[in-house]
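Undergrad: Next up, model01.txt (compact mmCIF, C-alpha atoms and all ligand atoms).
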# COMPACT_ATOMS: atom_id res chain seq x y z
CA MET A 247 -91.33 -43.91 6.24
CA ASN A 248 -88.70 -42.00 4.32
CA ALA A 249 -88.70 -38.47 5.78
CA GLN A 250 -88.15 -37.06 2.28
CA LEU A 251 -91.59 -38.32 1.27
CA LYS A 252 -93.42 -36.73 4.18
CA THR A 253 -95.64 -33.81 3.26
CA CYS A 254 -96.47 -31.20 5.87
CA VAL A 255 -99.78 -29.39 5.53
CA PHE A 256 -99.81 -25.70 6.42
CA PRO A 257 -103.00 -23.69 6.89
CA GLU A 258 -104.58 -21.82 4.00
CA ALA A 259 -103.98 -24.70 1.61
CA MET A 260 -100.20 -24.27 1.67
CA GLU A 261 -98.06 -27.30 1.89
CA ALA A 262 -94.39 -28.06 2.26
CA ARG A 263 -93.44 -30.77 -0.19
CA PRO A 264 -90.17 -32.11 -1.52
CA MET A 265 -88.71 -29.66 -4.04
CA VAL A 266 -88.39 -30.90 -7.62
CA PHE A 267 -86.22 -29.59 -10.45
CA ALA A 268 -89.27 -28.00 -12.06
CA ASP A 269 -89.63 -25.72 -9.00
CA ILE A 270 -86.22 -24.13 -9.46
CA GLU A 271 -87.37 -21.39 -11.83
CA GLN A 272 -89.91 -20.13 -9.27
CA VAL A 273 -87.54 -20.68 -6.35
CA LEU A 274 -84.91 -18.63 -8.14
CA ALA A 275 -87.42 -15.85 -8.84
CA VAL A 276 -88.16 -15.60 -5.11
CA GLU A 277 -84.50 -15.96 -4.14
CA GLN A 278 -83.53 -13.04 -6.38
CA THR A 279 -86.05 -10.74 -4.72
CA ILE A 280 -85.25 -11.57 -1.06
CA TYR A 281 -81.44 -11.71 -1.06
CA ALA A 282 -78.95 -9.05 -2.14
CA PHE A 283 -76.56 -11.89 -2.98
CA PRO A 284 -78.83 -14.72 -4.12
CA TRP A 285 -77.96 -18.35 -4.74
CA THR A 286 -77.59 -19.24 -8.40
CA GLN A 287 -79.63 -21.75 -10.36
CA GLY A 288 -76.60 -24.05 -10.07
CA ASN A 289 -76.67 -23.86 -6.26
CA PHE A 290 -80.26 -25.14 -6.23
CA THR A 291 -79.66 -27.74 -8.95
CA ASP A 292 -76.59 -29.03 -7.10
CA SER A 293 -78.53 -29.19 -3.82
CA LEU A 294 -81.22 -31.34 -5.44
CA SER A 295 -78.70 -33.46 -7.34
CA SER A 296 -76.71 -34.04 -4.16
CA GLY A 297 -79.76 -35.41 -2.38
CA TYR A 298 -80.03 -32.59 0.15
CA SER A 299 -83.41 -32.30 1.83
CA CYS A 300 -84.98 -29.58 -0.31
CA TRP A 301 -88.49 -28.34 0.40
CA SER A 302 -90.94 -26.07 -1.35
CA LEU A 303 -93.85 -24.30 0.30
CA SER A 304 -96.63 -23.53 -2.15
CA SER A 305 -100.14 -22.26 -2.28
CA ALA A 306 -102.46 -23.43 -5.04
CA GLN A 307 -101.20 -20.53 -7.15
CA SER A 308 -97.54 -20.02 -6.48
CA LEU A 309 -94.36 -20.97 -4.72
CA ILE A 310 -94.11 -19.08 -1.43
CA GLY A 311 -90.98 -20.38 0.23
CA TYR A 312 -88.31 -23.03 0.38
CA GLY A 313 -85.75 -24.59 2.66
CA ILE A 314 -82.56 -26.53 2.01
CA LEU A 315 -81.18 -28.87 4.64
CA MET A 316 -78.00 -30.91 4.36
CA VAL A 317 -77.78 -33.90 6.68
CA ALA A 318 -74.49 -35.66 7.34
CA ALA A 319 -73.00 -37.61 10.24
CA GLY A 320 -75.82 -36.79 12.63
CA GLU A 321 -75.61 -33.08 11.88
CA GLY A 322 -78.12 -30.95 10.02
CA HIS A 323 -76.97 -27.83 8.19
CA LEU A 324 -79.67 -25.37 7.25
CA LEU A 325 -78.29 -23.97 4.00
CA ASN A 326 -81.17 -21.78 2.91
CA LEU A 327 -84.56 -20.66 4.18
CA GLY A 328 -86.60 -18.17 2.21
CA ILE A 329 -90.14 -16.81 2.20
CA ALA A 330 -91.37 -14.63 -0.67
CA ALA A 331 -91.39 -10.97 0.35
CA HIS A 332 -95.14 -10.41 0.36
CA TRP A 333 -95.66 -13.60 2.42
CA GLN A 334 -93.17 -12.66 5.12
CA LYS A 335 -94.15 -11.86 8.73
CA LYS A 336 -97.10 -14.26 8.64
CA GLY A 337 -95.51 -17.10 10.59
CA LEU A 338 -94.57 -19.14 7.54
CA GLY A 339 -90.79 -18.92 8.00
CA ARG A 340 -91.15 -20.28 11.52
CA ARG A 341 -93.43 -23.08 10.35
CA LEU A 342 -91.10 -24.05 7.55
CA LEU A 343 -88.20 -24.04 10.02
CA HIS A 344 -90.20 -26.34 12.33
CA HIS A 345 -90.81 -28.64 9.38
CA LEU A 346 -87.09 -28.77 8.55
CA ILE A 347 -86.20 -29.48 12.19
CA ASP A 348 -88.75 -32.32 12.21
CA ILE A 349 -87.24 -33.72 9.02
CA ALA A 350 -83.77 -33.49 10.55
CA LYS A 351 -84.93 -35.28 13.70
CA GLY A 352 -86.46 -38.01 11.56
CA ASP A 353 -83.11 -38.41 9.84
CA GLY A 354 -81.35 -38.96 13.17
CA VAL A 355 -79.88 -35.48 13.50
CA ASP A 356 -79.08 -34.32 17.03
CA MET A 357 -77.44 -30.99 16.22
CA MET A 358 -78.52 -28.34 13.70
CA PHE A 359 -76.21 -25.62 12.40
CA LEU A 360 -76.63 -22.56 10.23
CA GLU A 361 -74.85 -19.39 9.20
CA VAL A 362 -76.50 -15.99 9.16
CA ARG A 363 -75.39 -12.44 8.42
CA PRO A 364 -75.12 -10.23 11.53
CA SER A 365 -77.19 -7.66 9.57
CA ASN A 366 -80.06 -10.13 9.08
CA THR A 367 -81.99 -9.28 12.22
CA SER A 368 -85.24 -10.91 11.01
CA ALA A 369 -83.56 -14.28 10.59
CA ILE A 370 -81.50 -13.95 13.78
CA ASN A 371 -84.65 -13.15 15.77
CA LEU A 372 -86.36 -16.19 14.30
CA TYR A 373 -83.46 -18.52 15.08
CA LEU A 374 -82.94 -17.15 18.61
CA SER A 375 -86.65 -17.54 19.33
CA GLU A 376 -86.42 -21.19 18.26
CA GLY A 377 -83.56 -21.85 20.67
CA PHE A 378 -80.56 -21.52 18.35
CA ASN A 379 -77.46 -20.15 20.08
CA GLU A 380 -74.55 -18.26 18.61
CA ILE A 381 -71.61 -20.66 18.67
CA GLY A 382 -69.06 -18.99 16.43
CA LEU A 383 -68.15 -16.42 13.83
CA ARG A 384 -66.75 -16.93 10.34
CA ARG A 385 -64.82 -13.81 9.38
CA ASN A 386 -65.46 -12.29 5.93
CA TYR A 387 -67.70 -15.20 4.97
CA TYR A 388 -70.31 -13.45 2.82
CA PRO A 389 -69.97 -11.08 -0.12
CA ALA A 390 -71.27 -7.64 0.77
CA ASN A 391 -71.53 -4.27 -0.89
CA GLY A 392 -68.06 -2.78 -0.78
CA GLY A 393 -66.44 -5.72 0.99
CA ARG A 394 -67.28 -8.83 2.96
CA GLU A 395 -69.56 -9.58 5.92
CA ASP A 396 -68.93 -12.05 8.73
CA ALA A 397 -71.23 -15.01 9.34
CA ILE A 398 -72.63 -15.83 12.75
CA VAL A 399 -72.67 -19.59 13.22
CA MET A 400 -75.66 -20.79 15.22
CA GLY A 401 -76.41 -24.21 16.63
CA LEU A 402 -79.42 -25.98 18.09
CA SER A 403 -79.46 -29.27 19.94
CA ILE A 404 -82.59 -31.17 18.81
C1 LIG A 501 -86.00 -14.89 7.68
C2 LIG A 501 -87.35 -15.29 7.05
C3 LIG A 501 -87.24 -16.71 6.47
C4 LIG A 501 -88.42 -15.27 8.15
O1 LIG A 501 -89.64 -15.70 7.56
P1 LIG A 501 -91.03 -15.01 7.95
O2 LIG A 501 -92.10 -15.88 7.40
O3 LIG A 501 -91.02 -13.60 7.55
O4 LIG A 501 -90.95 -15.09 9.53
P2 LIG A 501 -92.17 -15.36 10.54
O5 LIG A 501 -93.35 -14.54 10.17
O6 LIG A 501 -92.35 -16.83 10.70
O7 LIG A 501 -91.55 -14.73 11.88
C5 LIG A 501 -90.83 -15.53 12.77
C6 LIG A 501 -89.96 -14.64 13.63
O8 LIG A 501 -88.91 -14.06 12.85
C7 LIG A 501 -88.59 -12.77 13.36
N1 LIG A 501 -88.87 -11.80 12.33
C8 LIG A 501 -89.47 -12.02 11.13
N2 LIG A 501 -89.52 -10.87 10.42
C9 LIG A 501 -88.94 -9.92 11.18
C10 LIG A 501 -88.68 -8.53 11.00
N3 LIG A 501 -89.03 -7.88 9.87
N4 LIG A 501 -88.04 -7.86 11.97
C11 LIG A 501 -87.66 -8.48 13.11
N5 LIG A 501 -87.88 -9.81 13.35
C12 LIG A 501 -88.52 -10.50 12.40
C13 LIG A 501 -89.48 -12.55 14.57
O9 LIG A 501 -88.79 -13.07 15.71
C14 LIG A 501 -90.66 -13.45 14.23
O10 LIG A 501 -91.38 -13.85 15.35
P3 LIG A 501 -92.66 -12.95 15.86
O11 LIG A 501 -93.57 -12.85 14.67
O12 LIG A 501 -93.22 -13.75 16.97
O13 LIG A 501 -92.11 -11.62 16.24
C15 LIG A 501 -87.77 -14.27 5.95
O14 LIG A 501 -87.71 -12.97 6.50
C16 LIG A 501 -86.91 -14.33 4.71
O15 LIG A 501 -87.16 -15.11 3.80
N6 LIG A 501 -85.89 -13.45 4.63
C17 LIG A 501 -85.01 -13.36 3.45
C18 LIG A 501 -84.16 -14.58 3.31
C19 LIG A 501 -83.33 -14.82 4.55
O16 LIG A 501 -82.72 -13.89 5.08
N7 LIG A 501 -83.28 -16.08 4.99
C20 LIG A 501 -82.50 -16.49 6.15
C21 LIG A 501 -81.08 -16.71 5.74
S1 LIG A 501 -80.08 -17.20 7.14
Written as structure tokens, that's how I'd like the structure from this file.
Ligand SMILES: CC(C)(COP(=O)(O)OP(=O)(O)OC[C@H]1O[C@@H](n2cnc3c(N)ncnc32)[C@H](O)[C@@H]1OP(=O)(O)O)[C@@H](O)C(=O)NCCC(=O)NCCS
TA:
Amino acid sequence: MNAQLKTCVFPEAMEARPMVFADIEQVLAVEQTIYAFPWTQGNFTDSLSSGYSCWSLSSAQSLIGYGILMVAAGEGHLLNLGIAAHWQKKGLGRRLLHHLIDIAKGDGVDMMFLEVRPSNTSAINLYLSEGFNEIGLRRNYYPANGGREDAIVMGLSI
């Protein structure tokens, strides 16, 4: 079965399903509230157009979260993971991350990578608790208020 077509059911009638272009407006609305330096509409459109593994997590009423995974040459790169602010700290980010790791495994990935801001302790705690290790640092990688911020590169053997 094509991993892209798999749908993962979350409790409380939420489900992770492949993102479609029509989701982008809602995804962008969430993105703009949870990041100081959000992705643009073009970043999401390009991710979908490029065939990246893009997932939406929705309730019956609204879009709650999303994840973007790029798979190439046996490596999975987690490019974005977001949960709407009022849905955070309920275990959904972890569950969506599990879903993306399962998708990566199904696509033959044996190593996952991601970048995260050193200031993003919520995300770092999540990744560390899932077994990701810090494997490098990209200097001045992210835009930041008044300058640039490094990126911690993390990896997970799956
Ligand atoms: C990072 C993010 C996806 C986590 O999603 P979430 O649904 O809030 O996280 P969960 O409830 O599944 O929590 C999983 C773990 O993350 C860590 N965590 C989450 N929120 C935290 C907080 N406010 N402070 C410290 N650790 C936190 C904890 O280790 C937590 O495990 P625990 O509940 O057993 O303590 C979410 O905070 C988010 O969307 N942040 C903004 C976007 C972002 O920074 N994305 C990551 C980019 S690399």
Undergrad: Go through A:Ala282, A:Leu294, A:Leu383, A:Ala397 and flag the residue nearest Val266 in chain A, using all atoms listed in the file for the distances.
TA: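 Checking each of A:Ala282, A:Leu294, A:Leu383, A:Ala397 against Val266 in chain A, counting all atoms listed in the file, the winner is A:Leu294.
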Undergrad: Around ligand LIG 501 (chain A), which protein and nucleic acid residues have at least one atom no more than 7 Å from it, if we count all atoms listed in the file? List them as a list in words.
TA: Ile280, Tyr281, Asn326, Leu327, Gly328, Ile329, Ala330, Ala331, Trp333, Gln334, Lys335, Lys336, Gly337, Leu338, Gly339, Arg340, Arg341, Glu361, Val362, Arg363, Asn366, Thr367, Ser368, Ala369, Asn371, Leu372 and Ser375 of chain A
Undergrad: Rounded to one decimal, what separation in Å do you get between CA of Gly320 in chain A and CA of Val355 in chain A?
TA: 4.4 Å
Undergrad: Using all atoms listed in the file, find the one residue out of A:Gly311, A:Gly377, A:Pro264, A:Pro364 that sits nearest to Val399 in chain A.
TA: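 Checking each of A:Gly311, A:Gly377, A:Pro264, A:Pro364 against Val399 in chain A, counting all atoms listed in the file, the winner is A:Pro364.
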Undergrad: Separation of CA of Asp269 in chain A and CA of Ala319 in chain A, in Å?
TA: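 Atom-to-atom, CA of Asp269 in chain A to CA of Ala319 in chain A, that is 28.1 Å.
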Undergrad: Quick one: of A:Gln307, A:Tyr373, A:Ile381, A:Ile270, who's nearest to Asn289 in chain A, counting all atoms listed in the file?
TA: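 With all atoms listed in the file as the atom set, the closest residue is A:Ile270.
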Undergrad: Let me make sure I understand: among A:Ile310, A:Ala262, A:Leu303, A:Leu402, which one has the smallest atom-to-atom distance to Val276 in chain A if we use all atoms listed in the file?
TA: A:Ile310
Undergrad: CA of Glu277 in chain A and CA of Ser302 in chain A are how many Å apart?
TA: 12.3 Å
Undergrad: If we draw a sphere of 8 Å around (-62.4, -9.3, 11.7), which residues have at least one atom in it when counting all atoms listed in the file? Please report them as a PyMOL selection string.
TA: chain A and resi 385-386+396
Undergrad: Could you pull the residues within 10 Å of range 344-347 of chain A, counting only C-alpha atoms, minus those fewer than 3 positions along the same chain, as a PyMOL selection string?
TA: chain A and resi 252-256+262+299-301+313-315+322+324+327+338-341+350-353+355-358+376+402+404
Undergrad: Which residue, A:Glu261, A:Leu374, A:Met400, A:Arg384, has the smallest gap to Ser305 in chain A when you use only C-alpha atoms?
TA: A:Glu261
